[in-house]
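Participant: model33.tsv is reproduced below (TSV, C-alpha atoms and all ligand atoms).
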```
chain	number	residue	atom	x	y	z
A	136	MET	CA	-9.85	-3.54	33.94
A	137	GLU	CA	-9.86	-0.38	35.94
A	138	ASN	CA	-8.26	0.67	39.18
A	139	SER	CA	-7.42	4.00	40.75
A	140	ASP	CA	-4.49	4.90	38.53
A	141	SER	CA	-4.72	2.80	35.40
A	142	ILE	CA	-7.21	1.65	32.78
A	143	VAL	CA	-6.74	-1.25	30.37
A	144	THR	CA	-9.52	-1.93	27.87
A	145	PRO	CA	-9.38	-2.75	24.15
A	146	TRP	CA	-9.91	0.97	23.47
A	147	GLU	CA	-7.96	2.68	26.13
A	148	VAL	CA	-4.74	2.05	28.01
A	149	ARG	CA	-3.89	4.75	30.51
A	150	GLY	CA	-1.58	5.20	33.49
A	151	GLU	CA	1.03	2.93	35.05
A	152	VAL	CA	-0.06	-0.63	34.30
A	153	ASP	CA	0.46	-3.17	37.08
A	154	TYR	CA	0.94	-6.40	35.11
A	155	LYS	CA	0.80	-8.68	38.15
A	156	GLU	CA	-2.56	-7.22	39.01
A	157	LEU	CA	-3.72	-7.56	35.37
A	158	ILE	CA	-2.92	-11.28	35.44
A	159	GLU	CA	-5.30	-11.64	38.35
A	160	LYS	CA	-7.99	-9.32	37.05
A	161	PHE	CA	-8.04	-10.95	33.61
A	162	GLY	CA	-7.65	-14.46	35.03
A	163	VAL	CA	-4.73	-15.31	32.74
A	164	ASP	CA	-1.59	-17.21	33.74
A	165	PRO	CA	1.96	-15.92	34.06
A	166	LEU	CA	4.40	-17.13	31.42
A	167	THR	CA	6.51	-19.36	33.66
A	168	PRO	CA	10.08	-20.55	32.95
A	169	ASP	CA	8.86	-24.09	32.14
A	170	ILE	CA	6.66	-22.85	29.28
A	171	VAL	CA	9.37	-20.52	28.06
A	172	GLU	CA	11.67	-23.56	28.04
A	173	ARG	CA	9.14	-25.51	25.96
A	174	LEU	CA	9.08	-22.67	23.44
A	175	ARG	CA	12.86	-22.57	23.39
A	176	ARG	CA	13.05	-26.28	22.62
A	177	HIS	CA	10.74	-25.95	19.64
A	178	ALA	CA	12.16	-22.70	18.34
A	179	GLY	CA	15.80	-23.55	18.92
A	180	GLY	CA	16.27	-20.26	20.75
A	181	LEU	CA	14.47	-17.58	22.71
A	182	HIS	CA	13.17	-14.40	21.17
A	183	VAL	CA	14.43	-11.30	22.95
A	184	LEU	CA	10.81	-10.41	23.79
A	185	LEU	CA	10.55	-13.67	25.74
A	186	ARG	CA	13.93	-13.40	27.41
A	187	ARG	CA	13.14	-9.91	28.64
A	188	GLY	CA	9.58	-10.58	29.74
A	189	MET	CA	7.70	-8.42	27.20
A	190	PHE	CA	5.49	-11.45	26.66
A	191	PHE	CA	4.43	-12.17	30.21
A	192	SER	CA	1.16	-14.07	30.32
A	193	HIS	CA	-0.90	-16.63	28.49
A	194	ARG	CA	-3.95	-18.80	28.41
A	195	GLU	CA	-3.54	-22.52	27.75
A	196	LEU	CA	-0.28	-22.13	25.87
A	197	ASN	CA	0.79	-25.53	27.25
A	198	GLU	CA	-2.31	-27.12	25.76
A	199	TRP	CA	-1.57	-25.48	22.40
A	200	ILE	CA	1.98	-26.86	22.41
A	201	ASP	CA	0.57	-30.27	23.45
A	202	SER	CA	-1.73	-30.19	20.42
A	203	TYR	CA	1.16	-29.27	18.15
A	204	GLU	CA	3.25	-32.13	19.54
A	205	LYS	CA	0.36	-34.54	18.98
A	206	GLY	CA	0.07	-33.48	15.37
A	207	VAL	CA	-3.08	-31.36	15.64
A	208	LYS	CA	-2.98	-28.49	13.17
A	209	ALA	CA	-1.55	-25.48	15.05
A	210	VAL	CA	-2.73	-22.11	13.75
A	211	LEU	CA	-1.87	-18.52	14.68
A	212	TYR	CA	-4.23	-15.56	14.65
A	213	THR	CA	-3.44	-11.92	15.26
A	214	GLY	CA	-4.64	-8.55	13.99
A	215	ARG	CA	-4.41	-4.83	13.54
A	216	GLY	CA	-6.91	-2.01	13.83
A	217	PRO	CA	-6.08	0.39	10.96
A	218	SER	CA	-6.59	3.71	12.71
A	219	GLY	CA	-3.29	5.31	11.76
A	220	ASN	CA	0.34	4.68	10.92
A	221	THR	CA	2.18	1.79	12.50
A	222	HIS	CA	4.51	2.51	15.43
A	223	LEU	CA	6.99	0.36	17.32
A	224	GLY	CA	4.38	-0.62	19.92
A	225	HIS	CA	2.21	-2.26	17.27
A	226	LEU	CA	5.17	-4.19	16.00
A	227	ILE	CA	5.87	-6.06	19.26
A	228	PRO	CA	3.20	-8.78	18.85
A	229	TRP	CA	3.92	-9.05	15.13
A	230	LEU	CA	7.63	-9.74	15.66
A	231	PHE	CA	6.72	-12.38	18.20
A	232	THR	CA	4.10	-13.90	15.90
A	233	LYS	CA	6.75	-14.28	13.20
A	234	TYR	CA	9.01	-16.07	15.69
A	235	LEU	CA	6.16	-18.48	16.51
A	236	GLN	CA	5.32	-18.99	12.85
A	237	ASP	CA	8.92	-19.87	12.06
A	238	ALA	CA	9.21	-22.17	15.10
A	239	PHE	CA	5.95	-24.07	14.60
A	240	LYS	CA	5.52	-23.66	10.84
A	241	CYS	CA	2.00	-22.37	11.36
A	242	ASP	CA	-0.63	-20.92	9.14
A	243	LEU	CA	-1.28	-17.37	10.30
A	244	TYR	CA	-4.56	-15.49	9.93
A	245	PHE	CA	-4.01	-11.74	10.17
A	246	GLN	CA	-7.19	-9.71	10.61
A	247	ILE	CA	-7.38	-6.02	9.70
A	248	THR	CA	-10.37	-4.52	11.48
A	249	ASP	CA	-11.26	-1.67	9.13
A	250	ASP	CA	-14.88	-2.06	10.26
A	251	GLU	CA	-13.89	-1.62	13.93
A	252	LYS	CA	-11.95	1.57	13.36
A	253	PHE	CA	-14.74	3.01	11.21
A	254	LEU	CA	-17.39	2.15	13.80
A	255	PHE	CA	-15.51	3.22	16.91
A	256	ASN	CA	-13.90	6.40	15.66
A	257	PRO	CA	-16.31	9.21	14.74
A	258	GLU	CA	-13.58	10.95	12.75
A	259	LEU	CA	-12.70	8.08	10.41
A	260	SER	CA	-14.42	7.45	7.06
A	261	THR	CA	-14.43	4.11	5.25
A	262	ASP	CA	-11.99	5.60	2.71
A	263	GLN	CA	-9.58	6.61	5.44
A	264	VAL	CA	-9.56	3.23	7.15
A	265	ALA	CA	-9.07	1.57	3.75
A	266	GLU	CA	-6.05	3.79	3.17
A	267	TYR	CA	-4.57	3.01	6.60
A	268	ALA	CA	-5.27	-0.68	6.05
A	269	LYS	CA	-3.29	-0.57	2.80
A	270	GLU	CA	-0.36	1.14	4.48
A	271	ASN	CA	-0.46	-1.09	7.58
A	272	ILE	CA	-0.48	-4.24	5.43
A	273	LEU	CA	2.87	-3.23	3.94
A	274	ASP	CA	4.32	-2.92	7.45
A	275	ILE	CA	2.91	-6.33	8.33
A	276	ILE	CA	4.38	-8.01	5.26
A	277	ALA	CA	7.71	-6.27	5.96
A	278	VAL	CA	7.94	-8.17	9.26
A	279	GLY	CA	8.78	-11.20	7.13
A	280	PHE	CA	5.86	-13.58	7.52
A	281	ASP	CA	5.90	-16.71	5.39
A	282	PRO	CA	3.95	-15.90	2.20
A	283	GLU	CA	2.91	-19.54	1.80
A	284	ARG	CA	1.38	-19.66	5.26
A	285	THR	CA	0.09	-16.15	5.93
A	286	LYS	CA	-3.38	-14.91	5.10
A	287	ILE	CA	-4.12	-11.24	5.61
A	288	PHE	CA	-7.67	-9.99	5.26
A	289	THR	CA	-9.74	-6.94	6.07
A	290	ASN	CA	-13.20	-7.35	7.54
A	291	LEU	CA	-14.79	-5.05	4.95
A	292	THR	CA	-13.30	-6.87	1.95
A	293	TYR	CA	-13.36	-10.47	3.17
A	294	SER	CA	-16.77	-10.15	4.73
A	295	LYS	CA	-18.61	-13.20	3.53
A	296	PRO	CA	-16.73	-15.97	5.36
A	297	LEU	CA	-16.17	-13.73	8.38
A	298	TYR	CA	-19.78	-12.69	8.61
A	299	ASN	CA	-20.88	-16.29	8.28
A	300	MET	CA	-18.72	-17.20	11.24
A	301	ALA	CA	-19.55	-14.03	13.19
A	302	VAL	CA	-23.31	-14.67	13.16
A	303	ARG	CA	-22.70	-18.13	14.62
A	304	VAL	CA	-20.67	-16.53	17.39
A	305	ALA	CA	-23.09	-13.65	17.92
A	306	LYS	CA	-26.03	-15.97	18.52
A	307	HIS	CA	-24.35	-17.14	21.73
A	308	VAL	CA	-23.39	-13.72	23.11
A	309	THR	CA	-26.05	-11.72	24.92
A	310	PHE	CA	-26.13	-7.93	25.05
A	311	SER	CA	-25.69	-8.19	28.77
A	312	THR	CA	-22.40	-10.12	28.36
A	313	ALA	CA	-21.19	-7.67	25.71
A	314	LYS	CA	-22.02	-4.75	27.99
A	315	ALA	CA	-20.26	-6.29	30.96
A	316	THR	CA	-17.22	-7.28	28.89
A	317	PHE	CA	-16.78	-4.16	26.76
A	318	GLY	CA	-18.66	-1.46	28.62
A	319	PHE	CA	-21.21	-0.78	25.85
A	320	SER	CA	-24.08	1.52	26.72
A	321	GLU	CA	-27.42	2.66	25.31
A	322	SER	CA	-25.57	5.25	23.24
A	323	SER	CA	-23.15	2.78	21.61
A	324	ASN	CA	-23.96	2.37	17.94
A	325	ILE	CA	-25.26	-1.08	17.05
A	326	GLY	CA	-22.24	-1.82	14.85
A	327	MET	CA	-20.00	-1.59	17.90
A	328	ILE	CA	-22.15	-4.08	19.72
A	329	PHE	CA	-21.87	-6.67	16.94
A	330	PHE	CA	-18.18	-6.04	16.33
A	331	PRO	CA	-16.80	-8.45	19.01
A	332	ALA	CA	-18.29	-11.30	16.97
A	333	MET	CA	-16.23	-10.12	13.97
A	334	GLN	CA	-13.04	-10.16	16.02
A	335	ALA	CA	-13.92	-13.59	17.43
A	336	ALA	CA	-14.65	-15.04	13.96
A	337	PRO	CA	-11.00	-15.63	12.89
A	338	CYS	CA	-10.56	-17.86	15.96
A	339	PHE	CA	-12.53	-20.40	13.95
A	340	ILE	CA	-12.00	-19.35	10.34
A	341	HIS	CA	-9.39	-21.99	9.56
A	342	GLN	CA	-11.78	-24.71	10.70
A	343	TYR	CA	-14.61	-23.06	8.76
A	344	LEU	CA	-12.62	-22.80	5.53
A	345	THR	CA	-10.94	-26.21	5.64
A	346	SER	CA	-13.22	-28.37	7.84
A	347	GLU	CA	-9.99	-29.36	9.55
A	348	ASP	CA	-9.56	-29.66	13.33
A	349	ALA	CA	-7.21	-26.91	14.51
A	350	HIS	CA	-5.88	-25.36	17.68
A	351	VAL	CA	-5.51	-21.59	17.44
A	352	LEU	CA	-3.05	-19.44	19.38
A	353	ILE	CA	-3.46	-15.68	19.53
A	354	PRO	CA	-0.32	-13.61	20.20
A	355	CYS	CA	-1.36	-10.05	21.06
A	356	ALA	CA	-1.12	-7.25	23.60
A	357	ILE	CA	-2.99	-7.94	26.84
A	358	ASP	CA	-5.67	-5.28	26.17
A	359	GLN	CA	-7.32	-7.55	23.57
A	360	GLU	CA	-8.00	-10.27	26.13
A	361	PRO	CA	-11.72	-9.48	26.62
A	362	TYR	CA	-12.40	-10.63	23.04
A	363	TRP	CA	-10.87	-14.02	23.72
A	364	ARG	CA	-12.95	-14.53	26.84
A	365	ILE	CA	-16.04	-14.37	24.63
A	366	SER	CA	-14.43	-16.48	21.90
A	367	ARG	CA	-13.46	-19.14	24.43
A	368	ASP	CA	-16.95	-19.25	25.94
A	369	VAL	CA	-18.52	-19.72	22.54
A	370	ALA	CA	-15.98	-22.18	21.06
A	371	PRO	CA	-17.36	-25.42	22.58
A	372	LYS	CA	-20.90	-24.40	21.63
A	373	LEU	CA	-19.77	-24.31	18.00
A	374	GLY	CA	-17.78	-27.53	18.32
A	375	TYR	CA	-14.33	-25.90	18.19
A	376	ARG	CA	-11.32	-25.90	20.50
A	377	LYS	CA	-10.93	-22.85	22.69
A	378	PRO	CA	-8.27	-20.51	21.30
A	379	ALA	CA	-5.12	-20.19	23.40
A	380	GLY	CA	-3.43	-16.82	23.90
A	381	VAL	CA	-0.04	-15.34	24.65
A	382	TYR	CA	0.00	-11.73	25.78
A	383	SER	CA	2.47	-8.88	25.76
A	384	LYS	CA	2.96	-5.80	27.86
A	385	PHE	CA	2.83	-2.35	26.27
A	386	ILE	CA	5.99	-0.62	25.24
A	387	PRO	CA	6.20	2.63	27.22
A	388	GLY	CA	5.86	5.98	25.47
A	389	LEU	CA	8.96	8.12	25.13
A	390	GLY	CA	7.62	10.57	27.71
A	391	SER	CA	7.24	9.88	31.41
A	392	GLY	CA	4.42	7.38	32.03
A	393	GLY	CA	1.84	5.82	29.70
A	394	LYS	CA	2.19	3.55	26.69
A	395	MET	CA	3.38	4.47	23.21
A	396	SER	CA	0.39	6.19	21.70
A	397	ALA	CA	-0.32	7.22	18.13
A	398	SER	CA	-2.48	10.07	19.41
A	399	ILE	CA	0.54	11.67	21.13
A	400	PRO	CA	3.06	11.53	18.24
A	401	ASP	CA	6.09	12.58	20.27
A	402	THR	CA	5.67	9.55	22.55
A	403	ALA	CA	5.82	7.18	19.59
A	404	ILE	CA	8.35	6.14	16.99
A	405	PHE	CA	6.43	5.55	13.79
A	406	LEU	CA	7.80	3.16	11.21
A	407	SER	CA	7.38	6.04	8.77
A	408	ASP	CA	9.51	8.46	10.84
A	409	THR	CA	12.60	9.75	9.09
A	410	ARG	CA	15.94	9.03	10.66
A	411	GLU	CA	16.09	12.63	11.92
A	412	GLU	CA	12.62	12.44	13.49
A	413	ALA	CA	13.40	9.16	15.22
A	414	VAL	CA	16.74	10.43	16.52
A	415	ARG	CA	15.13	13.64	17.78
A	416	LYS	CA	12.42	11.67	19.63
A	417	VAL	CA	14.98	9.38	21.27
A	418	LYS	CA	17.10	12.37	22.29
A	419	ASN	CA	14.07	13.96	23.97
A	420	ALA	CA	13.00	10.76	25.72
A	421	PHE	CA	12.46	10.51	29.45
A	422	THR	CA	15.42	8.95	31.29
A	423	GLY	CA	16.30	7.97	34.82
A	424	GLY	CA	19.18	10.41	34.82
A	425	GLN	CA	20.16	13.08	37.34
A	426	PRO	CA	19.74	16.76	36.47
A	427	THR	CA	23.48	17.34	36.02
A	428	ILE	CA	26.39	15.22	34.84
A	429	ARG	CA	28.14	15.79	38.14
A	430	GLU	CA	25.20	14.41	40.11
A	431	GLN	CA	24.89	11.53	37.67
A	432	LYS	CA	28.51	10.59	38.32
A	433	GLU	CA	28.09	10.92	42.08
A	434	LYS	CA	24.70	9.31	42.63
A	435	GLY	CA	24.21	7.19	39.52
A	436	GLY	CA	21.07	7.03	37.38
A	437	ASN	CA	17.89	5.01	37.77
A	438	PRO	CA	17.52	2.54	34.89
A	439	ASP	CA	14.34	1.13	36.46
A	440	VAL	CA	12.35	4.22	35.43
A	441	CYS	CA	14.35	5.03	32.29
A	442	VAL	CA	12.51	4.77	28.98
A	443	VAL	CA	15.74	4.67	26.99
A	444	TYR	CA	17.00	1.73	29.04
A	445	SER	CA	13.65	-0.02	28.79
A	446	TYR	CA	13.79	0.12	24.94
A	447	LEU	CA	17.30	-1.27	24.94
A	448	TYR	CA	16.24	-3.94	27.39
A	449	SER	CA	12.90	-4.95	25.85
A	450	LEU	CA	13.84	-5.02	22.21
A	451	PHE	CA	16.88	-3.25	20.88
A	452	ASP	CA	19.83	-4.79	22.68
A	453	GLU	CA	19.73	-8.55	22.28
A	454	ASP	CA	23.09	-9.04	24.01
A	455	ASP	CA	22.29	-10.16	27.57
A	456	LYS	CA	25.73	-9.28	28.85
A	457	ALA	CA	25.74	-5.80	27.33
A	458	VAL	CA	22.31	-5.03	28.79
A	459	ALA	CA	23.37	-6.16	32.26
A	460	GLU	CA	26.46	-3.99	31.98
A	461	THR	CA	24.43	-0.97	30.94
A	462	TYR	CA	22.19	-1.43	33.95
A	463	ALA	CA	25.04	-1.77	36.44
A	464	SER	CA	27.09	1.00	34.93
A	465	CYS	CA	24.17	3.43	34.90
A	466	LYS	CA	23.45	2.75	38.57
A	467	ALA	CA	27.10	3.23	39.46
A	468	GLY	CA	27.26	6.59	37.70
A	469	GLY	CA	29.52	5.29	34.94
A	470	LEU	CA	27.15	6.27	32.11
A	471	ILE	CA	25.57	9.52	31.17
A	472	CYS	CA	22.17	9.62	29.48
A	473	GLY	CA	23.54	11.03	26.25
A	474	GLU	CA	25.55	7.86	25.68
A	475	CYS	CA	22.54	5.56	26.05
A	476	LYS	CA	20.42	7.85	23.90
A	477	GLU	CA	23.11	7.80	21.24
A	478	ARG	CA	23.20	4.01	21.29
A	479	LEU	CA	19.44	3.59	21.18
A	480	ALA	CA	19.03	6.23	18.46
A	481	ARG	CA	21.54	4.34	16.30
A	482	LYS	CA	19.76	1.04	16.81
A	483	VAL	CA	16.32	2.52	16.15
A	484	ALA	CA	17.55	4.31	13.02
A	485	GLU	CA	19.11	1.09	11.68
A	486	PHE	CA	15.96	-0.82	12.42
A	487	LEU	CA	13.81	1.76	10.61
A	488	GLU	CA	16.08	1.74	7.59
A	489	ASP	CA	15.91	-2.05	7.30
A	490	HIS	CA	12.17	-1.96	7.79
A	491	ARG	CA	11.75	0.62	5.04
A	492	ALA	CA	13.71	-1.52	2.61
A	493	ARG	CA	11.60	-4.58	3.44
A	494	ARG	CA	8.45	-2.47	3.15
A	495	GLU	CA	9.44	-1.33	-0.34
A	496	ARG	CA	9.91	-4.96	-1.36
A	497	ALA	CA	6.56	-5.87	0.21
A	498	LYS	CA	4.78	-3.70	-2.37
A	499	GLY	CA	5.30	-6.43	-4.95
A	500	SER	CA	3.83	-9.25	-2.87
A	501	VAL	CA	0.61	-7.88	-1.36
A	502	GLU	CA	-1.63	-9.99	-3.57
A	503	LYS	CA	0.13	-13.15	-2.45
A	504	PHE	CA	-0.80	-12.45	1.16
A	505	LEU	CA	-4.35	-11.12	0.79
A	506	LEU	CA	-7.39	-13.30	1.23
A	507	ARG	CA	-10.13	-12.29	-1.16
A	508	GLU	CA	-13.68	-13.47	-1.33
B	1	LIG	N1	-8.84	-4.85	17.80
B	1	LIG	C1	-7.47	-4.86	17.43
B	1	LIG	C2	-6.93	-3.42	17.42
B	1	LIG	O1	-7.63	-2.47	17.58
B	1	LIG	C3	-7.22	-5.50	16.08
B	1	LIG	C4	-7.34	-7.00	16.13
B	1	LIG	C5	-8.26	-7.77	15.48
B	1	LIG	C6	-6.47	-7.88	16.80
B	1	LIG	N2	-8.05	-9.08	15.71
B	1	LIG	C7	-6.96	-9.20	16.52
B	1	LIG	C8	-5.35	-7.71	17.60
B	1	LIG	C9	-6.32	-10.32	17.02
B	1	LIG	C10	-4.73	-8.82	18.11
B	1	LIG	C11	-5.20	-10.12	17.83
B	1	LIG	O2	-5.76	-3.21	17.24
```
Take the structure from the file and write it as C-alpha cells.

Facilitator:
Amino acid sequence: MENSDSIVTPWEVRGEVDYKELIEKFGVDPLTPDIVERLRRHAGGLHVLLRRGMFFSHRELNEWIDSYEKGVKAVLYTGRGPSGNTHLGHLIPWLFTKYLQDAFKCDLYFQITDDEKFLFNPELSTDQVAEYAKENILDIIAVGFDPERTKIFTNLTYSKPLYNMAVRVAKHVTFSTAKATFGFSESSNIGMIFFPAMQAAPCFIHQYLTSEDAHVLIPCAIDQEPYWRISRDVAPKLGYRKPAGVYSKFIPGLGSGGKMSASIPDTAIFLSDTREEAVRKVKNAFTGGQPTIREQKEKGGNPDVCVVYSYLYSLFDEDDKAVAETYASCKAGGLICGECKERLARKVAEFLEDHRARRERAKGSVEKFLLRE
C-alpha cells in the first residue's frame, strides 16, 4: 500500500501510517467492540493491546471464534524474520498471540523465516540468519508460550513438510499475482518469488501433519497482510479453510515519526539493551512537550503526538485510570516530560529485566519447542 506520505509493504514501513486508510486499501475489517467483547468473554479479560487499540483490524475473526465454539480445532500461526535482534515492536504480536493461546488453548505454529531473510537481504549469510534465528527463538520462548502446544520451526531446518505444502500453494499462484501483490520485478531473485508460498505453507501445516480439520488464525502486524491474501485465495483450492487474521499497528519509533526500526537503533528498544541503554533511549525520546518548563505549565503538552505517552498508553501502563489521568494532566500543564520519561523508563527497565530472566530459563527448553524433520 502506497500513498503520498507513507508506504506499508512486508519489507518496508515508512512515514505516518493512516490505519483507517489501510483498512480500506487492504480490504480488512475494523476490530469492532462486539468482536472485542467476544474475545473478552472467552479470555476472561481484555489484553491491554486490545483495550488500547493496538490490535485494530481483522479478517473473519468472528468466523474463527464461531469455529472454536462449534468445536472445530482452532490453531494459531505467527512468525518472525530473523534479520537481527528482537525489539519491542516485534514483541507486540507475540504478546497478543500468547493471550490468544491461553484464552483458546490453541496449538501455535511459529515460523522463523531464515530463508526469507537470507534471500531478501544481500548482506546476510545463511550462518548469520541461523545465529539470529537461535537468538530470536529464546526471545519467543521467553514470552511464555505453552510448551505442550507451541511448535517453533525454521524454514531451512524444517524444510521437508513446509516445502511439500509450499509447492501445493505455489502451483496456484501465478507470477503475475506475485508481482502485483509483492512488487517483484525482473531483477528479483527467483528465491524471493517462491518465498510467499513458504510463508503461506504454515496456514495449512497443522492439517497436513495431522489430517485434522482446523481453522487457523494469524495474529501479526498489518504489513504481513499481502501473504494472507494469497493464502486465502489458495485455501479452498487445496480443500482447507481460509485462515483468519488479526492485525496490529506498528509501535512508533522513539524519534519523531516512523515505526520502531532495527536499522535505526536509537529509535528502538532492543530486548538485549542494558538498563542504561534503555533508560538513555527513553530519556532522548520525542515528546509532545513545550520547549521550556514555564511554557509547559502555561500551555500544557500534547500527548497526542508524544511517543512517551504512546508507549505508556499502548503497552506499559495497564491502569486505565492512571493513563487517563496522565493524558488530562499533561494537557493541563500539570506534568513535565521528565516525569513521564522517568515513569516509562522504570517500566521498560523492569520489563527488560523480567524478560532477560525468562530468556535465561528458556535456554533449557529450546528442544521442547522446536519442530525437527
Ligand atoms: N515475514 C515475517 C517477517 O519478516 C515473518 C513471518 C513468517 C510472519 N510467517 C509469519 C510474521 C506469520 C507474522 C505471521 O517478520

Participant: Find the smallest box with edges along x, y and z containing every listed atom of segment 249-266 of chain A, then add 8 Å on each side and report centre and edge lengths in Å to one decimal, as AutoDock Vina command-line options.

Facilitator:
```
--center_x -11.7 --center_y 4.4 --center_z 9.8 --size_x 27.3 --size_y 29.0 --size_z 30.2
```

Participant: Quick one: which chain A residues come within 7 Å of ligand LIG 1 (chain B), and what is the nearest atom pair for each with the distance in Å to one decimal, counting all atoms listed in the file, rows ordered by chain and ascending number, as a Markdown table?

Facilitator:
```
| residue | atom | partner | partner_atom | distance |
| --- | --- | --- | --- | --- |
| A:Pro145 | CA | B:LIG1 | N1 | 6.7 |
| A:Tyr212 | CA | B:LIG1 | C9 | 6.1 |
| A:Thr213 | CA | B:LIG1 | C11 | 3.6 |
| A:Gly214 | CA | B:LIG1 | C6 | 3.4 |
| A:Arg215 | CA | B:LIG1 | C3 | 3.8 |
| A:Gly216 | CA | B:LIG1 | O2 | 3.8 |
| A:Gln246 | CA | B:LIG1 | N2 | 5.2 |
| A:Ile247 | CA | B:LIG1 | C5 | 6.1 |
| A:Thr248 | CA | B:LIG1 | C5 | 5.6 |
| A:Gln334 | CA | B:LIG1 | N2 | 5.1 |
| A:Ile353 | CA | B:LIG1 | C11 | 6.1 |
| A:Pro354 | CA | B:LIG1 | C11 | 6.5 |
| A:Cys355 | CA | B:LIG1 | C10 | 4.6 |
| A:Ala356 | CA | B:LIG1 | C10 | 6.8 |
| A:Gln359 | CA | B:LIG1 | C10 | 6.2 |
```

Participant: In terms of the shortest atom-to-atom distance over only C-alpha atoms, which of A:Val458, A:Pro296, A:Asp452, A:Gly393 is closest to Asp153 of chain A?

Facilitator: A:Gly393

Participant: So that I can see what lies close to Tyr343 of chain A, please list as a list in words the residues with an atom at most 12 Å from it, counting only C-alpha atoms and leaving out residues fewer than 6 positions away in the same chain.

Facilitator: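 Answer for this query is Lys295, Pro296, Leu297, Tyr298, Asn299, Met300, Ala301, Arg303, Ala336, Pro337, Ala349, Leu373, Gly374 and Tyr375 of chain A.
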
Participant: Hey, can you check how far atom CA of Ile276 of chain A sits from atom CA of Asp489 of chain A?

Facilitator: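 Pair atom CA of Ile276 of chain A / atom CA of Asp489 of chain A returns 13.1 Å.
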